[in-house]
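Please read the structure below before turning to the comments.
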Amino acid sequence: MDQTSTFRVSASRDNLSKIQHFVLERAEALGVPDSLRSKLELVVEEVFINIASYAYSEGGGTVEADCALDGRRFRLRFVDHGIPFDPTGQGPPDTHEDVDHRTIGGLGVFLIQKMADEIRYERQEDVNVLTMHFTLPQEASAAQEYDDEEKKLV
Amino acid sequence: MDFKNEKQGAFMVVVPAGRMDAVTAPEFEQECERLIQSGELKMVADMSALEYISSAGLRSILATAKKLKGQQGEIRFCGLEGMVEEVFSISGFSSMFPVFDTRDDAIKD
C-alpha cells in the first residue's frame, strides 16, 4: 500500500494554513496520535515560512510536502527549488540573553531542531530536501502493533 | 486573532485568543503598539485563550517587550498552557520574562 501523498503549493505565506491542514490530515489518516499535532503544526509553519521568506528571491517558487509512516516514526519531507539552505547547520540562538540583548530571529530553526527527533538536509542538484522524523508516542505504537497483528490474520 | 483587554489596577491585561502564527502575529504587535501609544506601559499578556504560537509570535512579543523597555514599561505573562508553555520554555522566554500562573498573581504590586 502506498502511504505517501504529496502536496504542492506556491511558496507564499498565505498558503500556511493549507499546508498545515494537509500535514495534519495525513497524520490523522496515518494514525498519528493527537499529542503530536501541535508539534507537527509548529514544524510545518517554521519550515514553510522560512522557504516562503528566503528561498525564492525572485518569488514564484513552489514547496512540496509529503508525509508517510516509517516504522514507528512519522516522516515529513519538504522539497523546494530555492537557494541552498541547511537548517541543520544553524547554531542555537541566544536563549539566555535578556530583553535588551536578545536578537529577533533564529528561533524558527531552533524550534524545528527541538521538535523533530531527526532532521536530514540534502541539496540534490538545484533542490533542497529537508526530511524530519517524529517518533510516535507509545499509544500509537500500540495501535500500530494491533494493525500488524490484524494484517497477519488476514 | 481576537483580543480582550481589561484594565486591572496599574496593569493593562491583554488577552489574545486563537493562533499567533506568521500570518496573525503582527496583529498582536499592532494591538500592543496601540495600547503603548495610549500610554499603557505596564502590561500583562494573559495567554490562557491562546491555542498556538510559533516563532513569529515570539518575535512579536519580543518586539513589544523591547518597545516597552525603551519607555521604562514592562510586560508580564500568565496563563501559559500546553504547546504555548512548551514553546515559551524551549525558546528561553519563560526565563527572560516574568511568568505567573494566574492573572491575580501577575497584577500584584
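For the C-alpha cells, the naming scheme is as follows: chains receive sequential letters (A, B, ...) according to their order of presentation, residues are indexed from 1 within each chain, and ligands are indexed from 1 in presentation order.
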At most 6 Å to chain A: residues in chain B, only C-alpha atoms, as a VMD selection string = chain B and resid 55 59 91 to 92 96
Excluding B:Glu27 and any residue of its chain fewer than 6 positions from it, enumerate the residues within 12 Å of it, using only C-alpha atoms, and give them as an mmCIF file with N, CA and C atoms, in the first residue's frame.
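This is the output file result-v9.cif:
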```cif
data_model
loop_
_atom_site.group_PDB
_atom_site.id
_atom_site.type_symbol
_atom_site.label_atom_id
_atom_site.label_comp_id
_atom_site.auth_asym_id
_atom_site.auth_seq_id
_atom_site.Cartn_x
_atom_site.Cartn_y
_atom_site.Cartn_z
ATOM 1 N N MET B 1 -7.165 36.679 14.839
ATOM 2 C CA MET B 1 -6.875 36.686 16.262
ATOM 3 C C MET B 1 -7.710 37.762 16.945
ATOM 4 N N ASP B 2 -8.340 37.383 18.063
ATOM 5 C CA ASP B 2 -9.181 38.331 18.805
ATOM 6 C C ASP B 2 -8.488 38.774 20.085
ATOM 7 N N PHE B 3 -8.859 39.966 20.555
ATOM 8 C CA PHE B 3 -8.285 40.480 21.792
ATOM 9 C C PHE B 3 -9.369 40.932 22.737
ATOM 10 N N PRO B 16 -4.949 37.696 24.214
ATOM 11 C CA PRO B 16 -5.047 37.291 22.816
ATOM 12 C C PRO B 16 -5.696 35.906 22.722
ATOM 13 N N ALA B 17 -6.648 35.755 21.808
ATOM 14 C CA ALA B 17 -7.329 34.467 21.672
ATOM 15 C C ALA B 17 -7.116 33.914 20.265
ATOM 16 N N GLY B 18 -6.876 32.607 20.180
ATOM 17 C CA GLY B 18 -6.718 31.950 18.881
ATOM 18 C C GLY B 18 -5.285 31.550 18.615
ATOM 19 N N ARG B 19 -4.793 31.917 17.432
ATOM 20 C CA ARG B 19 -3.479 31.458 16.993
ATOM 21 C C ARG B 19 -2.559 32.641 16.729
ATOM 22 N N MET B 20 -1.325 32.543 17.243
ATOM 23 C CA MET B 20 -0.341 33.583 16.983
ATOM 24 C C MET B 20 0.697 32.992 16.041
ATOM 25 N N ASP B 21 0.397 33.028 14.740
ATOM 26 C CA ASP B 21 1.308 32.437 13.754
ATOM 27 C C ASP B 21 1.875 33.516 12.832
ATOM 28 N N GLU B 33 1.043 47.944 20.335
ATOM 29 C CA GLU B 33 1.541 49.259 19.910
ATOM 30 C C GLU B 33 0.474 50.337 20.165
ATOM 31 N N ARG B 34 -0.754 49.982 19.842
ATOM 32 C CA ARG B 34 -1.879 50.902 20.049
ATOM 33 C C ARG B 34 -2.020 51.232 21.544
ATOM 34 N N ALA B 56 7.095 33.307 14.959
ATOM 35 C CA ALA B 56 6.589 34.619 14.543
ATOM 36 C C ALA B 56 5.877 35.305 15.707
ATOM 37 N N GLY B 57 5.160 34.525 16.514
ATOM 38 C CA GLY B 57 4.512 35.060 17.703
ATOM 39 C C GLY B 57 5.543 35.532 18.715
ATOM 40 N N SER B 60 6.946 38.862 17.698
ATOM 41 C CA SER B 60 6.054 39.991 18.004
ATOM 42 C C SER B 60 6.109 40.351 19.485
ATOM 43 N N ILE B 61 6.194 39.320 20.324
ATOM 44 C CA ILE B 61 6.267 39.554 21.770
ATOM 45 C C ILE B 61 7.577 40.262 22.124
ATOM 46 N N THR B 64 7.535 43.864 21.067
ATOM 47 C CA THR B 64 6.705 44.634 22.000
ATOM 48 C C THR B 64 7.447 44.892 23.306
#
```
Skipping near chain neighbours, those fewer than 2 positions away, what residues fall within 12 Å of B:Gln71 using only C-alpha atoms, listed as a compact mmCIF listing (two decimals) with N, CA and C atoms, in the first residue's frame?
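Result written to around00.txt:
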```txt
# COMPACT_ATOMS: atom_id res chain seq x y z
N ILE B 36 0.36 50.99 23.84
CA ILE B 36 1.54 51.77 24.26
C ILE B 36 1.33 53.24 23.88
N GLN B 37 0.85 53.44 22.66
CA GLN B 37 0.58 54.82 22.18
C GLN B 37 -0.39 55.55 23.10
N GLY B 39 -0.57 55.17 26.17
CA GLY B 39 0.03 55.40 27.48
C GLY B 39 0.08 54.20 28.41
N GLU B 40 -0.32 53.03 27.92
CA GLU B 40 -0.28 51.83 28.76
C GLU B 40 1.13 51.23 28.70
N LEU B 41 1.88 51.39 29.77
CA LEU B 41 3.26 50.91 29.75
C LEU B 41 3.48 49.71 30.67
N LYS B 42 2.45 49.37 31.45
CA LYS B 42 2.54 48.17 32.28
C LYS B 42 1.52 47.17 31.76
N THR B 64 7.54 43.86 21.07
CA THR B 64 6.71 44.63 22.00
C THR B 64 7.45 44.89 23.31
N ALA B 65 8.10 43.85 23.81
CA ALA B 65 8.83 43.98 25.08
C ALA B 65 9.95 45.00 24.96
N LYS B 66 10.63 45.00 23.81
CA LYS B 66 11.72 45.97 23.60
C LYS B 66 11.18 47.40 23.58
N LYS B 67 10.02 47.59 22.94
CA LYS B 67 9.41 48.92 22.90
C LYS B 67 9.05 49.38 24.31
N LEU B 68 8.45 48.48 25.08
CA LEU B 68 8.04 48.83 26.45
C LEU B 68 9.26 49.16 27.30
N LYS B 69 10.28 48.33 27.20
CA LYS B 69 11.51 48.54 27.98
C LYS B 69 12.11 49.91 27.67
N GLY B 73 8.69 50.72 30.55
CA GLY B 73 7.49 49.92 30.79
C GLY B 73 7.87 48.47 31.01
N GLU B 74 6.86 47.60 31.11
CA GLU B 74 7.17 46.17 31.27
C GLU B 74 6.01 45.32 30.76
N ILE B 75 6.33 44.05 30.47
CA ILE B 75 5.28 43.09 30.11
C ILE B 75 5.49 41.81 30.91
```
All strand (DSSP E) positions in chain A, as JSON, numbers by chain | {"A": [5, 6, 7, 8, 9, 10, 62, 63, 64, 65, 66, 67, 68, 69, 70, 73, 74, 75, 76, 77, 78, 79, 80, 118, 119, 120, 121, 122, 123, 124, 127, 128, 129, 130, 131, 132, 133, 134, 135]}
Closest of B:Asp109, B:Met43, B:Val23, B:Cys78 to B:Phe11 - atom-to-atom distances counting only C-alpha atoms | B:Met43
Please identify which residues in stretch 10-129 of chain A DSSP calls helix (DSSP H, G or I) from the backbone, and express them as a ChimeraX atom specification.
-> /A:13-29,34-55,87-89,107-115
Just the selected residues (N, CA and C atoms), exported as a short mmCIF file (atom, residue, chain, number, x, y, z; two decimals), in the first residue's frame, please.
```cif
data_model
loop_
_atom_site.label_atom_id
_atom_site.label_comp_id
_atom_site.auth_asym_id
_atom_site.auth_seq_id
_atom_site.Cartn_x
_atom_site.Cartn_y
_atom_site.Cartn_z
N ARG A 13 3.22 32.96 2.05
CA ARG A 13 2.76 32.73 3.43
C ARG A 13 1.24 32.62 3.55
N ASP A 14 0.52 33.09 2.53
CA ASP A 14 -0.94 32.93 2.54
C ASP A 14 -1.34 31.46 2.53
N ASN A 15 -0.41 30.60 2.07
CA ASN A 15 -0.74 29.17 1.97
C ASN A 15 -0.41 28.40 3.25
N LEU A 16 0.00 29.12 4.28
CA LEU A 16 0.40 28.45 5.53
C LEU A 16 -0.68 27.49 6.05
N SER A 17 -1.91 27.99 6.18
CA SER A 17 -2.92 27.12 6.79
C SER A 17 -3.24 25.92 5.89
N LYS A 18 -3.10 26.10 4.56
CA LYS A 18 -3.37 24.98 3.64
C LYS A 18 -2.38 23.85 3.86
N ILE A 19 -1.11 24.21 3.97
CA ILE A 19 -0.10 23.16 4.08
C ILE A 19 -0.14 22.53 5.48
N GLN A 20 -0.48 23.33 6.49
CA GLN A 20 -0.64 22.75 7.83
C GLN A 20 -1.81 21.77 7.84
N HIS A 21 -2.87 22.17 7.18
CA HIS A 21 -4.06 21.32 7.11
C HIS A 21 -3.74 19.99 6.43
N PHE A 22 -2.98 20.07 5.32
CA PHE A 22 -2.61 18.85 4.60
C PHE A 22 -1.85 17.89 5.51
N VAL A 23 -0.83 18.41 6.19
CA VAL A 23 0.02 17.53 7.01
C VAL A 23 -0.78 16.94 8.17
N LEU A 24 -1.61 17.76 8.81
CA LEU A 24 -2.38 17.25 9.95
C LEU A 24 -3.40 16.20 9.51
N GLU A 25 -3.99 16.43 8.35
CA GLU A 25 -4.97 15.48 7.83
C GLU A 25 -4.30 14.14 7.51
N ARG A 26 -3.12 14.21 6.88
CA ARG A 26 -2.37 13.00 6.56
C ARG A 26 -1.96 12.28 7.84
N ALA A 27 -1.49 13.06 8.81
CA ALA A 27 -1.04 12.46 10.07
C ALA A 27 -2.20 11.71 10.73
N GLU A 28 -3.35 12.34 10.71
CA GLU A 28 -4.52 11.71 11.33
C GLU A 28 -4.89 10.42 10.59
N ALA A 29 -4.86 10.51 9.25
CA ALA A 29 -5.19 9.33 8.44
C ALA A 29 -4.20 8.18 8.69
N ASP A 34 -3.03 12.49 18.54
CA ASP A 34 -3.24 13.93 18.68
C ASP A 34 -2.13 14.63 19.45
N SER A 35 -1.44 13.89 20.31
CA SER A 35 -0.40 14.52 21.13
C SER A 35 0.76 15.05 20.28
N LEU A 36 0.89 14.58 19.04
CA LEU A 36 1.95 15.08 18.17
C LEU A 36 1.49 16.27 17.32
N ARG A 37 0.20 16.53 17.35
CA ARG A 37 -0.42 17.50 16.45
C ARG A 37 0.22 18.89 16.48
N SER A 38 0.33 19.47 17.67
CA SER A 38 0.82 20.85 17.73
C SER A 38 2.30 20.92 17.37
N LYS A 39 3.04 19.85 17.68
CA LYS A 39 4.44 19.78 17.30
C LYS A 39 4.58 19.81 15.77
N LEU A 40 3.75 19.02 15.10
CA LEU A 40 3.79 18.96 13.63
C LEU A 40 3.37 20.29 13.03
N GLU A 41 2.32 20.86 13.59
CA GLU A 41 1.80 22.13 13.10
C GLU A 41 2.89 23.21 13.17
N LEU A 42 3.60 23.22 14.28
CA LEU A 42 4.65 24.22 14.50
C LEU A 42 5.81 24.01 13.52
N VAL A 43 6.24 22.76 13.37
CA VAL A 43 7.37 22.48 12.47
C VAL A 43 7.00 22.83 11.03
N VAL A 44 5.78 22.49 10.63
CA VAL A 44 5.33 22.83 9.27
C VAL A 44 5.39 24.34 9.07
N GLU A 45 4.89 25.08 10.05
CA GLU A 45 4.94 26.55 9.92
C GLU A 45 6.37 27.06 9.80
N GLU A 46 7.23 26.61 10.69
CA GLU A 46 8.60 27.16 10.70
C GLU A 46 9.33 26.84 9.40
N VAL A 47 9.18 25.62 8.90
CA VAL A 47 9.85 25.24 7.65
C VAL A 47 9.25 26.01 6.48
N PHE A 48 7.92 26.02 6.42
CA PHE A 48 7.24 26.65 5.28
C PHE A 48 7.50 28.16 5.23
N ILE A 49 7.41 28.81 6.37
CA ILE A 49 7.60 30.27 6.39
C ILE A 49 9.05 30.63 6.04
N ASN A 50 9.99 29.80 6.47
CA ASN A 50 11.38 30.02 6.07
C ASN A 50 11.54 29.97 4.56
N ILE A 51 10.94 28.97 3.95
CA ILE A 51 11.04 28.83 2.49
C ILE A 51 10.33 30.02 1.82
N ALA A 52 9.12 30.32 2.33
CA ALA A 52 8.35 31.43 1.73
C ALA A 52 9.09 32.77 1.86
N SER A 53 9.87 32.92 2.93
CA SER A 53 10.54 34.20 3.18
C SER A 53 11.88 34.33 2.47
N TYR A 54 12.62 33.20 2.35
CA TYR A 54 14.01 33.34 1.90
C TYR A 54 14.40 32.53 0.66
N ALA A 55 13.64 31.49 0.33
CA ALA A 55 14.13 30.57 -0.71
C ALA A 55 14.16 31.20 -2.10
N PRO A 87 19.10 24.00 7.39
CA PRO A 87 18.70 24.36 8.76
C PRO A 87 19.41 23.52 9.82
N THR A 88 20.01 22.39 9.41
CA THR A 88 20.69 21.57 10.42
C THR A 88 22.04 22.20 10.79
N GLY A 89 22.50 23.12 9.94
CA GLY A 89 23.81 23.73 10.19
C GLY A 89 23.76 25.03 10.96
N LEU A 107 14.90 31.85 15.88
CA LEU A 107 14.11 30.98 16.74
C LEU A 107 13.35 29.89 15.97
N GLY A 108 12.96 30.20 14.74
CA GLY A 108 12.20 29.23 13.95
C GLY A 108 12.98 27.95 13.73
N VAL A 109 14.21 28.10 13.27
CA VAL A 109 15.06 26.94 13.01
C VAL A 109 15.34 26.19 14.31
N PHE A 110 15.55 26.94 15.37
CA PHE A 110 15.80 26.34 16.68
C PHE A 110 14.61 25.47 17.12
N LEU A 111 13.39 25.98 16.90
CA LEU A 111 12.19 25.21 17.28
C LEU A 111 12.08 23.93 16.44
N ILE A 112 12.43 24.02 15.15
CA ILE A 112 12.41 22.82 14.30
C ILE A 112 13.37 21.78 14.88
N GLN A 113 14.58 22.23 15.21
CA GLN A 113 15.59 21.31 15.74
C GLN A 113 15.14 20.67 17.05
N LYS A 114 14.43 21.43 17.87
CA LYS A 114 13.98 20.91 19.16
C LYS A 114 12.79 19.96 19.04
N MET A 115 11.91 20.22 18.07
CA MET A 115 10.67 19.46 17.97
C MET A 115 10.83 18.14 17.21
#
```
Contacts of A:Glu122 at 10 Å (only C-alpha atoms; same-chain gap of 4+ positions) as a PyMOL selection string = chain A and resi 79+84-86+127-131
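The gap separating atom CA of A:Gly82 from atom CA of A:Asp126 is 7.4 Å, in Å to one decimal.
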